[in-house]
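Below is the file data_16.cif, which contains mmCIF, C-alpha atoms and all ligand atoms.
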data_upload
loop_
_atom_site.label_atom_id
_atom_site.label_comp_id
_atom_site.auth_asym_id
_atom_site.auth_seq_id
_atom_site.Cartn_x
_atom_site.Cartn_y
_atom_site.Cartn_z
CA MET A 4 53.70 -110.50 -148.74
CA GLU A 5 51.07 -107.78 -148.59
CA LYS A 6 47.77 -108.99 -147.18
CA LYS A 7 45.03 -109.04 -149.79
CA GLU A 8 41.56 -107.58 -149.24
CA LEU A 9 39.03 -109.67 -147.31
CA GLU A 10 36.90 -110.26 -150.44
CA THR A 11 39.93 -111.85 -152.12
CA ARG A 12 41.03 -113.81 -149.07
CA LEU A 13 37.53 -115.34 -148.81
CA ILE A 14 38.19 -116.97 -152.17
CA HIS A 15 41.91 -117.65 -152.28
CA GLY A 16 43.32 -117.69 -148.75
CA ASP A 17 46.61 -119.55 -148.66
CA TYR A 18 45.34 -122.67 -150.42
CA ASP A 19 48.27 -124.13 -152.35
CA ARG A 20 46.98 -125.83 -155.51
CA GLU A 21 50.36 -127.26 -156.39
CA LYS A 22 50.15 -129.55 -153.40
CA HIS A 23 46.79 -130.84 -154.64
CA TYR A 24 47.37 -131.70 -158.31
CA GLY A 25 46.22 -128.20 -159.35
CA SER A 26 42.71 -128.87 -158.10
CA LEU A 27 40.90 -125.50 -158.31
CA THR A 28 38.83 -126.23 -155.21
CA PRO A 29 40.33 -127.82 -152.10
CA PRO A 30 39.91 -131.59 -151.88
CA MET A 31 37.92 -133.24 -149.14
CA TYR A 32 39.88 -135.70 -147.01
CA GLN A 33 36.90 -137.81 -145.98
CA THR A 34 38.81 -140.16 -143.73
CA SER A 35 38.56 -141.09 -140.09
CA THR A 36 42.19 -142.08 -139.64
CA PHE A 37 45.69 -141.75 -141.16
CA THR A 38 48.13 -144.58 -141.67
CA PHE A 39 51.67 -144.59 -140.28
CA ASP A 40 54.72 -145.77 -142.23
CA SER A 41 55.94 -147.63 -139.19
CA ALA A 42 55.28 -148.26 -135.51
CA GLU A 43 58.03 -145.76 -134.72
CA GLN A 44 56.32 -143.09 -136.79
CA GLY A 45 53.05 -143.71 -134.92
CA GLU A 46 54.91 -143.37 -131.64
CA ALA A 47 56.59 -140.13 -132.80
CA ARG A 48 53.30 -138.61 -133.92
CA PHE A 49 51.59 -139.41 -130.63
CA ALA A 50 54.56 -138.05 -128.72
CA GLY A 51 54.42 -134.83 -130.74
CA ASP A 52 57.98 -135.37 -132.02
CA GLU A 53 56.80 -135.52 -135.61
CA SER A 54 54.05 -133.43 -137.14
CA GLY A 55 51.40 -135.19 -139.21
CA TYR A 56 47.86 -136.40 -139.00
CA ILE A 57 46.79 -139.24 -136.70
CA TYR A 58 43.01 -139.44 -136.46
CA SER A 59 40.36 -137.00 -137.67
CA ARG A 60 39.14 -136.11 -134.18
CA LEU A 61 42.62 -134.72 -133.56
CA GLY A 62 43.01 -133.00 -136.92
CA ASN A 63 42.10 -133.36 -140.58
CA PRO A 64 43.58 -131.57 -143.63
CA THR A 65 40.23 -130.25 -144.93
CA VAL A 66 39.22 -129.04 -141.49
CA ASP A 67 42.68 -127.49 -141.11
CA MET A 68 42.20 -125.47 -144.30
CA LEU A 69 38.99 -124.02 -142.90
CA GLU A 70 40.61 -123.30 -139.53
CA LYS A 71 43.40 -121.39 -141.22
CA LYS A 72 40.92 -119.53 -143.37
CA ILE A 73 38.72 -118.34 -140.49
CA ALA A 74 41.80 -117.30 -138.49
CA ASP A 75 42.93 -115.23 -141.45
CA LEU A 76 39.48 -113.67 -141.96
CA GLU A 77 39.15 -112.68 -138.30
CA ASP A 78 42.77 -111.46 -138.24
CA GLY A 79 43.55 -113.96 -135.48
CA GLU A 80 46.49 -116.26 -134.83
CA ALA A 81 44.67 -119.60 -135.00
CA GLY A 82 41.24 -121.05 -135.70
CA LEU A 83 39.37 -124.12 -134.54
CA ALA A 84 36.38 -125.93 -136.03
CA PHE A 85 33.54 -127.59 -134.12
CA ALA A 86 30.52 -129.77 -134.86
CA SER A 87 28.17 -126.87 -134.03
CA GLY A 88 28.11 -123.32 -132.78
CA MET A 89 27.15 -124.68 -129.38
CA ALA A 90 30.16 -127.03 -129.39
CA ALA A 91 32.30 -123.91 -129.96
CA VAL A 92 30.54 -121.94 -127.21
CA SER A 93 30.72 -124.78 -124.69
CA SER A 94 34.28 -125.89 -125.50
CA VAL A 95 35.63 -122.33 -125.28
CA LEU A 96 33.83 -121.52 -122.03
CA LEU A 97 34.83 -124.82 -120.42
CA ALA A 98 38.45 -124.15 -121.35
CA LEU A 99 38.32 -120.67 -119.81
CA LEU A 100 36.37 -121.33 -116.61
CA LYS A 101 36.77 -123.58 -113.60
CA THR A 102 34.44 -124.39 -110.71
CA LYS A 103 33.79 -121.32 -108.52
CA GLU A 104 34.93 -118.96 -111.26
CA HIS A 105 32.53 -116.40 -112.70
CA VAL A 106 31.56 -115.11 -116.13
CA LEU A 107 29.60 -111.94 -116.89
CA VAL A 108 27.31 -112.34 -119.89
CA SER A 109 25.55 -109.74 -122.01
CA GLU A 110 21.85 -109.91 -121.24
CA GLY A 111 19.74 -111.73 -123.81
CA VAL A 112 22.08 -114.23 -125.48
CA TYR A 113 21.01 -117.14 -127.70
CA GLY A 114 18.76 -119.57 -125.81
CA CYS A 115 21.10 -122.58 -125.77
CA THR A 116 24.03 -120.42 -124.61
CA TYR A 117 21.75 -119.37 -121.77
CA GLY A 118 20.90 -123.04 -121.14
CA PHE A 119 24.57 -124.09 -121.17
CA LEU A 120 25.55 -121.41 -118.64
CA GLN A 121 22.72 -122.58 -116.38
CA LEU A 122 23.84 -126.20 -116.75
CA ILE A 123 27.48 -125.57 -115.81
CA GLU A 124 26.39 -123.47 -112.85
CA ASP A 125 23.95 -126.09 -111.53
CA ARG A 126 26.21 -129.10 -112.09
CA TYR A 127 29.75 -127.79 -111.92
CA GLY A 128 29.55 -124.56 -109.93
CA VAL A 129 30.77 -122.25 -112.72
CA GLU A 130 28.97 -119.03 -111.86
CA HIS A 131 27.45 -116.52 -114.25
CA HIS A 132 25.41 -113.34 -114.26
CA PHE A 133 23.55 -111.70 -117.10
CA ILE A 134 24.09 -107.99 -117.03
CA SER A 135 23.35 -104.99 -119.14
CA MET A 136 26.70 -103.97 -120.62
CA ASP A 137 25.60 -100.43 -121.40
CA SER A 138 28.44 -98.60 -119.67
CA GLU A 139 31.86 -99.15 -118.09
CA GLU A 140 30.34 -98.51 -114.67
CA ALA A 141 27.57 -101.06 -115.26
CA ILE A 142 30.19 -103.74 -115.97
CA GLN A 143 32.76 -102.62 -113.42
CA GLY A 144 30.13 -102.73 -110.66
CA GLN A 145 29.44 -106.43 -111.37
CA ILE A 146 33.01 -107.68 -111.51
CA ARG A 147 33.93 -109.88 -108.55
CA ASP A 148 37.18 -111.37 -107.34
CA ASN A 149 36.38 -114.63 -109.13
CA THR A 150 35.27 -113.07 -112.45
CA LYS A 151 37.43 -114.33 -115.33
CA VAL A 152 35.50 -113.75 -118.53
CA LEU A 153 33.19 -111.22 -120.22
CA TYR A 154 31.00 -113.01 -122.75
CA VAL A 155 29.32 -110.87 -125.36
CA GLU A 156 26.95 -111.27 -128.27
CA THR A 157 26.55 -108.22 -130.50
CA PRO A 158 24.05 -107.68 -131.98
CA ILE A 159 22.25 -109.79 -129.38
CA ASN A 160 19.98 -112.55 -130.64
CA PRO A 161 17.08 -111.54 -131.20
CA THR A 162 16.72 -108.09 -129.62
CA MET A 163 19.44 -106.60 -131.85
CA LYS A 164 20.81 -104.67 -128.93
CA LEU A 165 24.47 -103.80 -129.54
CA ILE A 166 27.34 -103.92 -127.12
CA ASP A 167 30.15 -101.41 -127.50
CA LEU A 168 33.07 -103.77 -128.02
CA GLU A 169 35.78 -101.15 -127.53
CA MET A 170 34.26 -100.20 -124.18
CA VAL A 171 33.85 -103.81 -123.00
CA ILE A 172 37.43 -104.63 -124.01
CA ARG A 173 38.72 -101.56 -122.16
CA VAL A 174 37.00 -102.70 -118.93
CA ALA A 175 38.25 -106.25 -119.40
CA LYS A 176 41.86 -105.14 -119.89
CA LYS A 177 41.72 -102.96 -116.76
CA ASN A 178 40.55 -105.95 -114.77
CA GLY A 179 42.62 -108.70 -116.37
CA LEU A 180 39.58 -110.48 -117.84
CA LYS A 181 39.22 -112.36 -121.11
CA VAL A 182 36.65 -111.18 -123.66
CA VAL A 183 34.77 -113.73 -125.76
CA VAL A 184 32.60 -112.38 -128.59
CA ASP A 185 29.95 -114.41 -130.40
CA ASN A 186 30.20 -112.85 -133.86
CA THR A 187 27.53 -115.03 -135.51
CA PHE A 188 25.18 -112.20 -136.49
CA CYS A 189 27.92 -110.28 -138.31
CA SER A 190 30.39 -112.78 -139.75
CA PRO A 191 33.97 -111.51 -140.18
CA TYR A 192 32.79 -109.43 -143.14
CA LEU A 193 30.82 -107.02 -140.94
CA GLN A 194 32.75 -107.05 -137.67
CA GLN A 195 36.20 -108.21 -136.50
CA PRO A 196 36.31 -108.16 -132.69
CA LEU A 197 39.91 -109.45 -132.44
CA ASN A 198 41.12 -106.28 -134.13
CA LEU A 199 39.54 -104.33 -131.27
CA GLY A 200 41.36 -106.46 -128.70
CA ALA A 201 38.91 -109.31 -127.93
CA ASP A 202 40.54 -112.60 -126.94
CA VAL A 203 38.28 -115.13 -128.63
CA VAL A 204 35.69 -114.91 -131.40
CA ILE A 205 33.03 -117.57 -131.82
CA HIS A 206 30.73 -118.30 -134.74
CA SER A 207 27.79 -120.48 -135.33
CA ALA A 208 29.07 -121.21 -138.86
CA THR A 209 25.64 -122.73 -139.49
CA LYS A 210 24.53 -119.19 -140.32
CA TYR A 211 26.16 -116.63 -142.66
CA ILE A 212 29.48 -118.47 -142.99
CA GLY A 213 27.82 -121.59 -144.40
CA GLY A 214 25.09 -119.46 -145.90
CA HIS A 215 23.10 -122.21 -147.59
CA GLY A 216 21.19 -123.86 -144.75
CA ASP A 217 22.90 -127.21 -145.22
CA VAL A 218 25.36 -127.54 -142.37
CA ILE A 219 25.51 -127.25 -138.57
CA ALA A 220 28.96 -126.04 -137.54
CA GLY A 221 30.96 -123.82 -135.21
CA LEU A 222 34.25 -121.93 -135.31
CA ALA A 223 36.49 -120.15 -132.83
CA VAL A 224 39.50 -117.90 -133.37
CA GLY A 225 42.03 -116.59 -130.88
CA LYS A 226 45.66 -116.68 -129.80
CA GLU A 227 47.63 -119.73 -130.92
CA GLU A 228 48.29 -120.90 -127.36
CA PHE A 229 44.65 -120.74 -126.29
CA ILE A 230 43.34 -122.38 -129.46
CA GLN A 231 45.83 -125.26 -129.11
CA GLU A 232 44.76 -125.67 -125.48
CA VAL A 233 41.10 -126.00 -126.54
CA ARG A 234 42.09 -128.36 -129.36
CA GLY A 235 43.92 -130.64 -126.95
CA THR A 236 41.34 -130.56 -124.13
CA THR A 237 37.69 -129.61 -124.44
CA LEU A 238 37.53 -130.21 -128.19
CA LYS A 239 39.51 -133.44 -128.31
CA ASP A 240 38.14 -135.03 -125.16
CA ILE A 241 34.50 -133.93 -125.35
CA GLY A 242 34.73 -134.59 -129.05
CA GLY A 243 32.53 -131.98 -130.76
CA VAL A 244 34.71 -131.97 -133.87
CA MET A 245 33.73 -130.89 -137.37
CA ALA A 246 33.35 -133.47 -140.13
CA PRO A 247 35.52 -133.01 -143.26
CA PHE A 248 32.47 -132.66 -145.50
CA ASP A 249 31.12 -129.85 -143.34
CA ALA A 250 34.48 -128.08 -143.49
CA TRP A 251 34.44 -128.46 -147.27
CA LEU A 252 30.94 -126.96 -147.46
CA LEU A 253 32.04 -124.03 -145.31
CA ILE A 254 35.15 -123.35 -147.42
CA ARG A 255 32.82 -123.27 -150.41
CA GLY A 256 30.26 -121.07 -148.59
CA LEU A 257 32.92 -118.59 -147.54
CA LYS A 258 33.89 -117.83 -151.14
CA THR A 259 30.64 -115.92 -151.60
CA LEU A 260 30.35 -114.44 -148.09
CA SER A 261 30.98 -110.82 -149.09
CA VAL A 262 28.59 -110.95 -152.05
CA ARG A 263 25.90 -112.62 -149.97
CA MET A 264 26.33 -110.26 -147.03
CA ASP A 265 26.08 -107.22 -149.29
CA ARG A 266 22.80 -108.54 -150.67
CA HIS A 267 21.42 -109.56 -147.23
CA CYS A 268 22.20 -106.05 -145.99
CA GLU A 269 20.83 -104.30 -149.06
CA ASN A 270 17.55 -106.25 -148.87
CA ALA A 271 17.23 -105.65 -145.11
CA ALA A 272 17.82 -101.90 -145.56
CA LYS A 273 14.97 -101.73 -148.07
CA LEU A 274 12.62 -103.97 -146.08
CA TYR A 275 12.87 -102.38 -142.64
CA GLU A 276 11.51 -99.09 -143.99
CA LYS A 277 8.45 -100.82 -145.34
CA ILE A 278 7.92 -102.88 -142.20
CA LYS A 279 8.35 -99.80 -140.01
CA THR A 280 5.52 -97.90 -141.63
CA HIS A 281 3.01 -100.76 -141.65
CA PRO A 282 0.07 -100.07 -139.31
CA LYS A 283 0.11 -103.59 -137.83
CA VAL A 284 3.74 -103.24 -136.75
CA LYS A 285 4.34 -101.75 -133.30
CA ARG A 286 8.11 -101.52 -133.39
CA VAL A 287 11.06 -102.37 -135.63
CA VAL A 288 14.59 -102.96 -134.43
CA TYR A 289 17.23 -102.73 -137.12
CA PRO A 290 20.72 -101.30 -136.55
CA GLY A 291 20.61 -99.35 -139.84
CA ASP A 292 17.53 -97.35 -138.79
CA PRO A 293 18.56 -93.76 -137.93
CA ASP A 294 15.92 -93.93 -135.15
CA PHE A 295 17.59 -97.02 -133.65
CA VAL A 296 18.95 -95.97 -130.26
CA GLN A 297 22.38 -97.42 -131.01
CA TYR A 298 22.57 -96.25 -134.63
CA ASP A 299 25.87 -94.42 -134.04
CA LEU A 300 27.42 -97.44 -132.38
CA ALA A 301 26.28 -99.65 -135.26
CA ASN A 302 27.94 -97.26 -137.70
CA LYS A 303 31.14 -97.25 -135.69
CA GLN A 304 31.36 -100.96 -135.05
CA MET A 305 29.77 -102.73 -137.99
CA ARG A 306 30.71 -102.38 -141.64
CA GLN A 307 26.99 -102.64 -142.53
CA PRO A 308 23.87 -103.09 -140.34
CA GLY A 309 23.39 -106.80 -141.10
CA GLY A 310 20.59 -108.91 -142.48
CA LEU A 311 18.33 -109.33 -139.47
CA ILE A 312 15.25 -107.34 -138.61
CA THR A 313 13.30 -107.82 -135.42
CA PHE A 314 9.81 -106.42 -135.18
CA GLU A 315 6.78 -106.55 -132.93
CA VAL A 316 3.26 -106.89 -134.25
CA GLU A 317 0.18 -105.37 -132.65
CA GLY A 318 -1.27 -107.96 -130.26
CA GLY A 319 0.59 -110.81 -128.59
CA LYS A 320 1.64 -114.39 -129.18
CA VAL A 321 -1.55 -115.38 -130.99
CA GLU A 322 -1.27 -112.51 -133.49
CA ALA A 323 2.44 -113.19 -134.02
CA GLN A 324 1.76 -116.87 -134.67
CA LYS A 325 -1.13 -116.09 -136.98
CA LEU A 326 1.09 -113.84 -139.05
CA LEU A 327 3.60 -116.67 -139.47
CA ASN A 328 0.83 -118.99 -140.61
CA GLN A 329 -0.12 -116.56 -143.40
CA LEU A 330 3.26 -116.56 -145.11
CA ASN A 331 3.83 -118.36 -148.37
CA MET A 332 7.38 -117.83 -149.67
CA ILE A 333 9.01 -116.73 -146.43
CA GLN A 334 9.80 -119.87 -144.47
CA VAL A 335 8.86 -120.28 -140.82
CA ALA A 336 12.06 -121.68 -139.38
CA VAL A 337 14.74 -120.99 -136.83
CA SER A 338 18.35 -120.40 -137.98
CA LEU A 339 19.40 -117.38 -139.99
CA GLY A 340 21.82 -116.25 -142.66
CA ASP A 341 20.47 -118.52 -145.38
CA ALA A 342 19.57 -117.68 -148.99
CA GLU A 343 15.93 -118.19 -148.06
CA THR A 344 14.18 -115.54 -145.95
CA LEU A 345 13.36 -117.15 -142.61
CA ILE A 346 11.12 -115.93 -139.82
CA GLN A 347 10.71 -117.24 -136.30
CA HIS A 348 8.99 -116.45 -133.00
CA PRO A 349 11.79 -116.23 -130.39
CA ALA A 350 9.49 -116.47 -127.34
CA THR A 351 8.31 -119.95 -128.33
CA MET A 352 11.28 -121.07 -130.42
CA THR A 353 14.96 -119.99 -130.07
CA HIS A 354 14.51 -118.44 -126.62
CA ALA A 355 11.76 -120.72 -125.26
CA VAL A 356 14.12 -122.25 -122.69
CA ILE A 357 14.41 -118.93 -120.88
CA PRO A 358 11.82 -118.56 -118.10
CA GLU A 359 9.12 -116.05 -119.10
CA GLU A 360 9.96 -113.39 -116.54
CA LYS A 361 13.66 -113.40 -117.46
CA ARG A 362 12.87 -113.51 -121.15
CA LEU A 363 10.62 -110.47 -120.87
CA GLY A 364 13.29 -108.75 -118.79
CA MET A 365 15.68 -109.29 -121.71
CA GLY A 366 13.17 -107.55 -123.98
CA ILE A 367 12.04 -110.69 -125.82
CA THR A 368 8.29 -110.15 -125.96
CA ASP A 369 5.47 -112.46 -127.09
CA SER A 370 4.72 -110.25 -130.09
CA MET A 371 8.32 -110.23 -131.31
CA LEU A 372 9.33 -111.85 -134.62
CA ARG A 373 12.82 -112.21 -136.02
CA LEU A 374 13.26 -111.99 -139.76
CA SER A 375 16.43 -113.27 -141.38
CA VAL A 376 16.34 -111.45 -144.69
CA GLY A 377 17.32 -113.74 -147.54
CA LEU A 378 18.72 -113.23 -151.00
CA GLU A 379 15.46 -113.28 -152.95
CA SER A 380 14.08 -110.23 -154.73
CA VAL A 381 13.21 -107.75 -152.02
CA GLU A 382 9.91 -107.02 -153.79
CA ASP A 383 8.90 -110.67 -153.48
CA ILE A 384 9.86 -110.77 -149.80
CA TRP A 385 7.80 -107.65 -149.11
CA ASN A 386 4.87 -108.91 -151.19
CA ASP A 387 4.69 -112.01 -149.04
CA LEU A 388 5.18 -110.24 -145.73
CA SER A 389 2.76 -107.45 -146.54
CA GLN A 390 0.01 -109.79 -147.76
CA ALA A 391 0.30 -111.61 -144.43
CA LEU A 392 0.26 -108.36 -142.45
CA ASN A 393 -2.67 -107.06 -144.51
CA GLN A 394 -4.96 -110.01 -143.85
CA GLU A 395 -8.08 -108.72 -142.14
CA LYS A 396 -8.79 -112.15 -140.79
CA TYR A 397 -5.90 -114.49 -140.31
CA ASN A 398 -6.17 -117.99 -141.68
CA VAL A 399 -7.88 -119.67 -138.76
CA GLU A 400 -7.97 -123.13 -140.31
CA LYS A 401 -4.21 -123.21 -140.85
CA THR A 402 -3.61 -121.91 -137.33
CA LEU A 403 -5.88 -124.52 -135.81
CA ALA A 404 -4.22 -127.28 -137.77
CA THR A 405 -0.86 -126.25 -136.33
CA GLU A 406 -2.21 -125.98 -132.81
CA THR A 407 -3.73 -129.47 -132.86
CA LYS A 408 -0.59 -131.17 -134.20
N1 LIG B 1 25.39 -118.29 -131.15
C1 LIG B 1 24.38 -117.61 -131.73
C2 LIG B 1 24.37 -116.11 -131.69
C3 LIG B 1 23.35 -118.30 -132.34
O1 LIG B 1 22.37 -117.60 -132.93
C4 LIG B 1 23.38 -119.73 -132.35
C5 LIG B 1 22.29 -120.51 -132.96
C6 LIG B 1 24.44 -120.38 -131.73
C7 LIG B 1 25.44 -119.62 -131.15
C8 LIG B 1 24.55 -121.88 -131.72
O2 LIG B 1 24.91 -122.34 -132.98
P1 LIG B 1 24.56 -123.80 -133.56
O3 LIG B 1 24.99 -124.79 -132.54
O4 LIG B 1 23.08 -123.84 -133.77
O5 LIG B 1 25.34 -123.86 -134.82
N2 LIG B 1 21.17 -119.76 -133.29
C9 LIG B 1 20.04 -120.17 -133.76
C10 LIG B 1 18.98 -119.33 -134.05
O6 LIG B 1 18.93 -118.12 -133.81
N3 LIG B 1 18.02 -120.03 -134.61
O7 LIG B 1 18.33 -121.36 -134.64
C11 LIG B 1 19.65 -121.55 -134.09
#

When written as structure tokens, how does the structure in this file appear?
Amino acid sequence: MEKKELETRLIHGDYDREKHYGSLTPPMYQTSTFTFDSAEQGEARFAGDESGYIYSRLGNPTVDMLEKKIADLEDGEAGLAFASGMAAVSSVLLALLKTKEHVLVSEGVYGCTYGFLQLIEDRYGVEHHFISMDSEEAIQGQIRDNTKVLYVETPINPTMKLIDLEMVIRVAKKNGLKVVVDNTFCSPYLQQPLNLGADVVIHSATKYIGGHGDVIAGLAVGKEEFIQEVRGTTLKDIGGVMAPFDAWLLIRGLKTLSVRMDRHCENAAKLYEKIKTHPKVKRVVYPGDPDFVQYDLANKQMRQPGGLITFEVEGGKVEAQKLLNQLNMIQVAVSLGDAETLIQHPATMTHAVIPEEKRLGMGITDSMLRLSVGLESVEDIWNDLSQALNQEKYNVEKTLATETK
């Protein structure tokens, strides 16, 4: 059968209503375990001689529906669901890397990914290096005999630097390395790394895939064999599995992904221009800005420039924090991809675990703010942001109250 367009597959997928009493929306199998008809059937299921559910840590029909859906949306063979984006990151990396092996990581990844890589190096001797992945030579020069994986975020959280996926995949193939791409900032609607030859795609589904700020979840997609290996090892035995209700929420969230992403992108495209020309703003980083150094790459690699804008205010940490304290509608919160516009200060929030010198080396400055543009009226978002930027004197009382908490 001809494959339908992504917008249609987000809604329909291969959900078979006839198997579920015609229920328009998929049912939620909120159960921890599954009963066997007989002792022999239990034995056969555990032995793998008979397919069927056993226990929800090993598999659950609602979670399965989501796994199939994300695999389809990323054009991959199989999908896997996790309790969080970090459970996906950690389970995938642990399945790919052993002690004394080495992973090259794009410089400036999400703070907890950074923390996890440090942890497995310190405790288990899995080595890593953060490198700029700007050119084939830059990557090739860092590959060692024990290098097994290239791990990439693009755009990178929060600097919005892009990595040329085609180029990274070319280097990886030449050297027999696996490529893992964290596709959280794009969702499958804006970027599909497996179609370019990546081996594994990871999502913090907490973000655009869920889209409503009500679930913490992770997903991974890759080749059937690898996904089943993760399912049977680092997912099953470490146990970071997704709950059926969370899978149900994500199936529901995915139905509107394309509509939401279009609106996030449309709002961001209007907002960055206004932010860019404001006198209190030093710098704006937004992949849709023709002045953005990687504008051509963004056009080539991403369907649209996304819903995140990073900008730096005049001054430093104090000025950045004061600006946050002046906002009314825009919510000061980490996370991204929600209906609500969210803003956060990476240096003291999402990337606070990274030592200052390294953080600055990654381009995450004290005056940097990351705006996750929501679905509200863009005029209202700008009204709130501009009134905060326009304050002659910031609200000292509110700032002091926060500082003394
Ligand atoms: N990968 C990326 C690119 C992320 O941005 C995050 C979380 C994760 C993985 C981990 O996902 P989680 O376990 O939270 O579902 N990013 C966050 C952020 O930028 N603000 O708060 C969390």

Query raised in the report: Which residues come within 6 Å of Ala81 in chain A, counting all atoms listed in the file, excluding same-chain residues fewer than 6 positions away, as a list in words?
Result: Ala74, Val224, Gly225 and Glu227 of chain A

Report task. Would you list the residues that come within 10 Å of ligand LIG 1 (chain B)? Count only C-alpha atoms and all ligand atoms and give the answer as a VMD selection string. Result -> chain A and resid 85 to 93 112 to 116 155 to 161 184 to 189 205 to 210 218 to 222 336 to 340 345 to 349 352 to 354 373 375

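Minimum distance to Gly310 in chain A across A:Pro247, A:Pro293, A:Gly216, A:Gly377 (counting only C-alpha atoms) occurs at A:Gly377.
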
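Candidate residues A:Ala301, A:Gly235, A:Phe119, A:Asp217 were compared for distance to Leu168 in chain A, and the nearest is A:Ala301, using all atoms listed in the file.
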
Requested in this report: May I have the protein, DNA and RNA residues with any atom at most 8 Å from the point (24.2, -102.5, -139.7), counting all atoms listed in the file, written as a ChimeraX atom specification?
Outcome: /A:268,289-291,301-302,305-310

Write the residues of the selection above to a file with C-alpha atoms, as a compact mmCIF listing (two decimals), in the frame of the given file.
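Generated file (again-v6.txt):
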# COMPACT_ATOMS: atom_id res chain seq x y z
CA CYS A 268 22.20 -106.05 -145.99
CA TYR A 289 17.23 -102.73 -137.12
CA PRO A 290 20.72 -101.30 -136.55
CA GLY A 291 20.61 -99.35 -139.84
CA ALA A 301 26.28 -99.65 -135.26
CA ASN A 302 27.94 -97.26 -137.70
CA MET A 305 29.77 -102.73 -137.99
CA ARG A 306 30.71 -102.38 -141.64
CA GLN A 307 26.99 -102.64 -142.53
CA PRO A 308 23.87 -103.09 -140.34
CA GLY A 309 23.39 -106.80 -141.10
CA GLY A 310 20.59 -108.91 -142.48

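Shown here are all protein and nucleic acid residues lying within 12 Å of (8.7, -99.1, -135.5), with all atoms listed in the file considered: A:Tyr275, A:Glu276, A:Lys277, A:Ile278, A:Lys279, A:Thr280, A:His281, A:Pro282, A:Lys283, A:Val284, A:Lys285, A:Arg286, A:Val287, A:Val288, A:Tyr289, A:Asp292, A:Pro293, A:Asp294, A:Phe295, A:Val296, A:Ile312, A:Thr313, A:Phe314, A:Glu315, A:Val316, A:Glu317, A:Met371.
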